[in-house]
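Novice: Supplied in C-alpha cells, the structure appears directly below.
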Amino acid sequence: MKKKCVLAYSGGLDTSAIIPWLQENCNLDVIAYCCNVGNLPPAQFLKERAIRLGASEFVYEEAESEFVQEYVNPMLQSGATYYDDYFLGTAIARPLIAKKVSIFAKDIQADFIAHGATGKGNDHLRFERAWAYLCPNINVIAPWKIWDYRSREELVSYLKEKNFVWGDSSKRYSVDVNTFHRSCEGGELEDIQIPYSRNEVHEWLSFGAKKPEDILLTINKGIVVAVNGESLTPHETLALLNKKAGKFGIGLCDIVEERSNGIKSRGIYETPGGTLIHTVIKAMKQICWSRELYSISQMMADRYGQLIYDGLWFGDSRHALQSFFVQACEMLSGEIHLELNPGVVRILKRSSPNSLYKPQIVSFESDSLDIHKAALGYTKIMNLSSLIQGKREAGI
C-alpha cells in the first residue's frame, strides 16, 4: 500500500501542481484537505479539481466561525499588530488551518503532511512550526524546497503536460483572503516607487461614500458582541463591520514589512471590520485600564504579534500571553459610539461601568479632593532628582 499524505489544499496553482508531483516523485496516496476560513472557492469546484489532478480523496471543512471566535477575537482583544499597522490577517489564519490538517492527519494515521508555501515567505515557517508542535511524529513535505520549479509559469507548463490547462496564468498579484482580511502582494506592487491602481488592487474597500454613518458597538470583556444594539455571533459581527467600514474605505494598510527570514516585502492589506474593532477595544482600554496596565499590555501585545507573525501561536509563550490578556480584559465592557467617514473613524461617545475616567475629578471647575494643594508637595518630591542634577550641572 502507498503511504498516505495529507495536503493542505487551497485549489490554487501551487497546491494543484503538488498533487501529481507527490504521486510521481514520492509515490504517495494524496488526500486533499481544505479548511475554509473564508478563503476558498465552492467545495464542489475544489473537489472536482483535486480529483481530476489525482487526489484519492477530498475533504472540506467549514471553519469560519471558529476562526473568528478562537483566533481573530483573542488577537484583537490583545491589540496585537506587526510593524504597528498590520493586523496579521494572513498570519492568524495559518494556525487554525494547521490544527485542522493535523487533526485529520492523525485520525487517518497519515505518514506525511504537505503544503504549498514557498521558501521565501512566512507561511512555510508558520505551518511547519505548528505541525512540529501539534503532530511531531508526522513528517512534512514542502515541495517548493525540493523541486526544481522556480516560477508560476513553470508550474502552469507542468500542469499542461498533465493535460490540465490552468485558466488564470496571467494573474497579476498574489492574493490572500479570509473572513478577517484581504491582501495583495507581488507583481507591480514589488516596485515601491510606483503608485498602484486602487481599482486593480482593492475589492473590499470603496471610496465613494459621502454621508457619514453612526454605529454603536457593544463590548464585553474585550470582545465586540453587538452592533447597534443587535447581538450577533463573532462571525456575523465581523462580516457586518467589514461591509460597513469597507464602503468608507476604512482599513487600508500599505506597508513594507520584514519577513521572518529578513526579506523586505510590500503588502496591501484591507481589514475594514478589524480596524473598527481594534479602534473600539483600544478606546475601551484607555478609559478602563490604569496607565501601568496599558503600558504593560502594549509590550505584551507587541510580543504577541511577533509570535503570531513568526508562527508560534502554539507554544508556551503565546498561551501564557493569552492568559494575561483574558485576565486584563475582564474590565473591558461598555459601549463605543463611532462616526464613519471616508477613510476616517471618529469616536463620538465612550461609556463603561468600569471606567476610571471621572469628570468631577478631571474638571477645572471643581477640586473636591484638594488636588491643587496636594500637588504642591507632590511636585516638590517628584522634582527632587531633577533639582539635584540641575545643581550639580550648575556647580551649586
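Residue numbers start at 1 in each chain; chains themselves are named A, B, ... in the order of the C-alpha cells; ligands are numbered from 1 in the order shown.
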Considering only C-alpha atoms, return as a PyMOL selection string whatever protein or nucleic-acid residues lie within 9 Å of Ile19 (chain A), sequence-local ones (same chain, fewer than 2 positions apart) excluded.
Specialist: chain A and resi 7+15-17+21-24+30-32+50+53-55
Novice: Using N, CA and C atoms, can you export the residues from the last selection as a tab-separated table (two decimals), in the first residue's frame?
Specialist:
chain	number	residue	atom	x	y	z
A	7	LEU	N	-2.50	16.74	2.09
A	7	LEU	CA	-2.05	18.01	1.51
A	7	LEU	C	-2.98	19.13	1.96
A	15	THR	N	-0.74	24.31	-4.88
A	15	THR	CA	-1.22	23.04	-4.31
A	15	THR	C	-1.84	22.13	-5.36
A	16	SER	N	-2.32	22.70	-6.46
A	16	SER	CA	-2.83	21.87	-7.55
A	16	SER	C	-1.69	21.11	-8.21
A	17	ALA	N	-0.57	21.78	-8.45
A	17	ALA	CA	0.58	21.12	-9.07
A	17	ALA	C	1.21	20.10	-8.13
A	21	TRP	N	2.64	15.93	-8.54
A	21	TRP	CA	4.07	15.87	-8.26
A	21	TRP	C	4.37	14.90	-7.11
A	22	LEU	N	3.56	14.92	-6.07
A	22	LEU	CA	3.76	13.99	-4.95
A	22	LEU	C	3.57	12.54	-5.39
A	23	GLN	N	2.62	12.32	-6.28
A	23	GLN	CA	2.39	10.96	-6.77
A	23	GLN	C	3.57	10.47	-7.60
A	24	GLU	N	4.05	11.32	-8.46
A	24	GLU	CA	5.14	10.93	-9.37
A	24	GLU	C	6.48	10.79	-8.65
A	30	VAL	N	-2.36	10.77	-2.11
A	30	VAL	CA	-2.56	12.16	-1.72
A	30	VAL	C	-4.02	12.43	-1.39
A	31	ILE	N	-4.27	12.89	-0.18
A	31	ILE	CA	-5.61	13.32	0.24
A	31	ILE	C	-5.61	14.84	0.31
A	32	ALA	N	-6.48	15.47	-0.47
A	32	ALA	CA	-6.57	16.93	-0.49
A	32	ALA	C	-7.50	17.40	0.62
A	50	ALA	N	-9.39	18.71	-7.52
A	50	ALA	CA	-8.46	17.84	-6.80
A	50	ALA	C	-8.51	16.41	-7.32
A	53	LEU	N	-6.92	16.02	-10.69
A	53	LEU	CA	-5.46	16.08	-10.63
A	53	LEU	C	-4.86	14.82	-10.01
A	54	GLY	N	-5.70	13.96	-9.43
A	54	GLY	CA	-5.19	12.69	-8.95
A	54	GLY	C	-5.33	12.42	-7.47
A	55	ALA	N	-5.96	13.33	-6.72
A	55	ALA	CA	-6.15	13.08	-5.29
A	55	ALA	C	-7.07	11.88	-5.10
Novice: Can you list every residue in region 161-220 of chain A that DSSP puts in helix (DSSP H, G or I), as a PyMOL selection string?
Specialist: chain A and resi 161+187-190+198-201
Novice: Store the residues of this selection in a file with N, CA and C atoms, as a PDB file, in the first residue's frame.
Specialist:
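Final output, saved to again_6.pdb:
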ATOM      1  N   GLU A 161       1.408  19.689 -19.180  1.00  0.00           N
ATOM      2  CA  GLU A 161       1.913  18.368 -19.546  1.00  0.00           C
ATOM      3  C   GLU A 161       1.003  17.269 -19.033  1.00  0.00           C
ATOM      4  N   GLY A 187       3.796  41.163  -8.212  1.00  0.00           N
ATOM      5  CA  GLY A 187       3.505  41.909  -9.420  1.00  0.00           C
ATOM      6  C   GLY A 187       4.051  43.330  -9.346  1.00  0.00           C
ATOM      7  N   GLU A 188       3.266  44.283  -9.816  1.00  0.00           N
ATOM      8  CA  GLU A 188       3.695  45.675  -9.843  1.00  0.00           C
ATOM      9  C   GLU A 188       3.874  46.252  -8.442  1.00  0.00           C
ATOM     10  N   LEU A 189       3.278  45.616  -7.441  1.00  0.00           N
ATOM     11  CA  LEU A 189       3.402  46.123  -6.071  1.00  0.00           C
ATOM     12  C   LEU A 189       4.828  45.982  -5.545  1.00  0.00           C
ATOM     13  N   GLU A 190       5.634  45.160  -6.191  1.00  0.00           N
ATOM     14  CA  GLU A 190       7.014  44.986  -5.750  1.00  0.00           C
ATOM     15  C   GLU A 190       7.871  46.209  -6.049  1.00  0.00           C
ATOM     16  N   ARG A 198      -5.822  51.678  -7.495  1.00  0.00           N
ATOM     17  CA  ARG A 198      -6.780  51.215  -6.493  1.00  0.00           C
ATOM     18  C   ARG A 198      -7.835  50.304  -7.125  1.00  0.00           C
ATOM     19  N   ASN A 199      -8.236  50.599  -8.327  1.00  0.00           N
ATOM     20  CA  ASN A 199      -9.274  49.793  -8.988  1.00  0.00           C
ATOM     21  C   ASN A 199      -8.815  48.379  -9.255  1.00  0.00           C
ATOM     22  N   GLU A 200      -7.525  48.197  -9.467  1.00  0.00           N
ATOM     23  CA  GLU A 200      -6.989  46.866  -9.746  1.00  0.00           C
ATOM     24  C   GLU A 200      -6.735  46.060  -8.480  1.00  0.00           C
ATOM     25  N   VAL A 201      -6.419  46.739  -7.387  1.00  0.00           N
ATOM     26  CA  VAL A 201      -5.986  46.044  -6.168  1.00  0.00           C
ATOM     27  C   VAL A 201      -7.126  45.854  -5.171  1.00  0.00           C
TER      28      VAL A 201
END
Novice: Between A:Ala80, A:Leu312, A:Ala245, A:Glu257, which is the closest to Leu134 (chain A) once you count only C-alpha atoms?
Specialist: A:Leu312
Novice: Name the residues in contact with region 86-95 of chain A at a cut-off of 7 Å, using only C-alpha atoms, excluding same-chain residues fewer than 5 positions from it; report them as a list in words.
Specialist: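 Near neighbours after the sequence-gap exclusion: Tyr71, Val72, Thr81, Arg126, Phe127, Ala130, Asp176, Phe180, His181, Cys253, Ile308, Tyr309 and Trp313 of chain A.
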Novice: Go ahead and write the selection's residues with C-alpha atoms as a CSV table (one decimal), in the first residue's frame.
Specialist:
chain,number,residue,atom,x,y,z
A,71,TYR,CA,-8.3,33.2,16.7
A,72,VAL,CA,-9.3,36.6,15.4
A,81,THR,CA,-0.1,44.1,15.4
A,126,ARG,CA,4.1,29.1,10.3
A,127,PHE,CA,2.7,25.7,9.0
A,130,ALA,CA,2.6,24.5,14.1
A,176,ASP,CA,-4.8,36.1,0.3
A,180,PHE,CA,-10.8,38.9,8.5
A,181,HIS,CA,-8.8,40.5,5.7
A,253,CYS,CA,-2.7,49.4,5.1
A,308,ILE,CA,1.8,35.1,15.6
A,309,TYR,CA,3.8,36.5,12.7
A,313,TRP,CA,0.7,30.5,18.0
Novice: Find the nearest atom pair between each residue of region 224-297 of chain A and region 340-359 of chain A for residues within 8 Å, count only C-alpha atoms, give distances in Å to one decimal, sort rows by chain and ascending number, and present the table as a Markdown table.
Specialist:
| residue | atom | partner | partner_atom | distance |
| --- | --- | --- | --- | --- |
| A:Ala245 | CA | A:Leu340 | CA | 7.2 |
| A:Phe248 | CA | A:Pro342 | CA | 4.5 |
| A:Gly249 | CA | A:Gly343 | CA | 5.0 |
| A:Ile250 | CA | A:Gly343 | CA | 4.7 |
| A:Gly251 | CA | A:Gly343 | CA | 7.7 |
| A:Leu276 | CA | A:Val345 | CA | 7.6 |
| A:Ala283 | CA | A:Arg350 | CA | 7.7 |
| A:Met284 | CA | A:Arg350 | CA | 7.5 |
| A:Ile287 | CA | A:Ser355 | CA | 5.2 |
| A:Cys288 | CA | A:Ser355 | CA | 4.5 |
| A:Trp289 | CA | A:Leu356 | CA | 7.2 |
| A:Ser290 | CA | A:Leu356 | CA | 7.7 |
Novice: Would you mind listing what lies within 6 Å of region 220-234 of chain A as a PyMOL selection string, with only C-alpha atoms counted and same-chain residues fewer than 5 positions away left out?
Specialist: chain A and resi 69+77+329-330+332-333
Novice: Only N, CA and C atoms, please: the residues just picked out, written as a CSV table (one decimal), in the first residue's frame.
Specialist:
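Ended up saving to result.csv:
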chain,number,residue,atom,x,y,z
A,69,GLN,N,-13.9,33.4,16.3
A,69,GLN,CA,-14.1,33.3,17.7
A,69,GLN,C,-12.9,32.9,18.5
A,77,GLN,N,-8.5,41.3,20.9
A,77,GLN,CA,-8.6,41.6,22.3
A,77,GLN,C,-7.3,42.1,22.9
A,329,CYS,N,-8.6,41.9,30.4
A,329,CYS,CA,-9.8,42.4,29.7
A,329,CYS,C,-11.1,42.1,30.4
A,330,GLU,N,-11.0,41.6,31.6
A,330,GLU,CA,-12.2,41.4,32.5
A,330,GLU,C,-13.0,42.7,32.6
A,332,LEU,N,-13.1,45.2,30.5
A,332,LEU,CA,-13.3,45.9,29.2
A,332,LEU,C,-14.7,45.7,28.7
A,333,SER,N,-15.7,46.3,29.3
A,333,SER,CA,-17.1,46.1,28.9
A,333,SER,C,-17.7,47.5,28.8
Novice: Might you pull out every residue within 12 Å of Cys135 (chain A), with only C-alpha atoms counted and same-chain residues fewer than 2 positions away left off, and present them as a VMD selection string?
Specialist: chain A and resid 98 to 107 109 to 113 127 to 133 137 to 140 314
Novice: Here is a test: counting only C-alpha atoms, which residue of A:Leu387, A:Leu13, A:Ile97, A:Leu205 is nearest to Lys160 (chain A)?
Specialist: A:Leu13
Novice: Using DSSP on the backbone coordinates, identify all residues within region 192-366 of chain A classified as strand (DSSP E or B); present the result as a VMD selection string.
Specialist: chain A and resid 213 to 220 223 to 227 230 to 231 252 to 258 264 to 270 334 to 341 344 to 351
Novice: A:Tyr378, A:Tyr33, A:Phe58, A:Trp166: which is nearest Glu153 (chain A), counting only C-alpha atoms?
Specialist: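 The shortest atom-to-atom distance to Glu153 (chain A) comes from A:Trp166.
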Novice: Have a look at CA of Asp14 (chain A) and CA of His115 (chain A) and let me know their distance in Å, one decimal.
Specialist: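 Separation between CA of Asp14 (chain A) and CA of His115 (chain A): 8.9 Å.
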Novice: Hey, can you check how far CA of Glu57 (chain A) sits from CA of Ala114 (chain A)?
Specialist: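 Distance between the two atoms: 14.6 Å.
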